[in-house]
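Note sheet for the following structure.
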Amino acid sequence: MLFSIFRAIYGLFIVIFAYYFSREYELNYFQTGLIFVFSVFISRIGFKYFKTKFSL
């Protein structure tokens with residue numbers, strides 16, 4: 001349950017972040033896709049941190 005909430009909030013943040021940077025720096029689809037791929041790795045690291053901090 002907590003992971004679902006984390007993914008929903010983090011996912012919304014990443015979509016807004018990617019949209020902003022793709023418009024601000026005129027990124028193409030490949031570069032915007034790299035933001036999403038990078039975010040997958042960051043979310044896994046973040047969730048592992050939350051698991052150990054909150055004993056999930």
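Following the order of the structure tokens, first chain is A, next is B, and so on, with residues numbered from 1 inside each chain and ligands from 1 in the order they appear.
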May I have the residues within 8 Å of stretch 6-18 of chain A as an MDAnalysis selection string, using only C-alpha atoms and disregarding those fewer than 3 positions away in the same chain? chainID A and resid 2:3 21:22 32 35:36 39 43 47
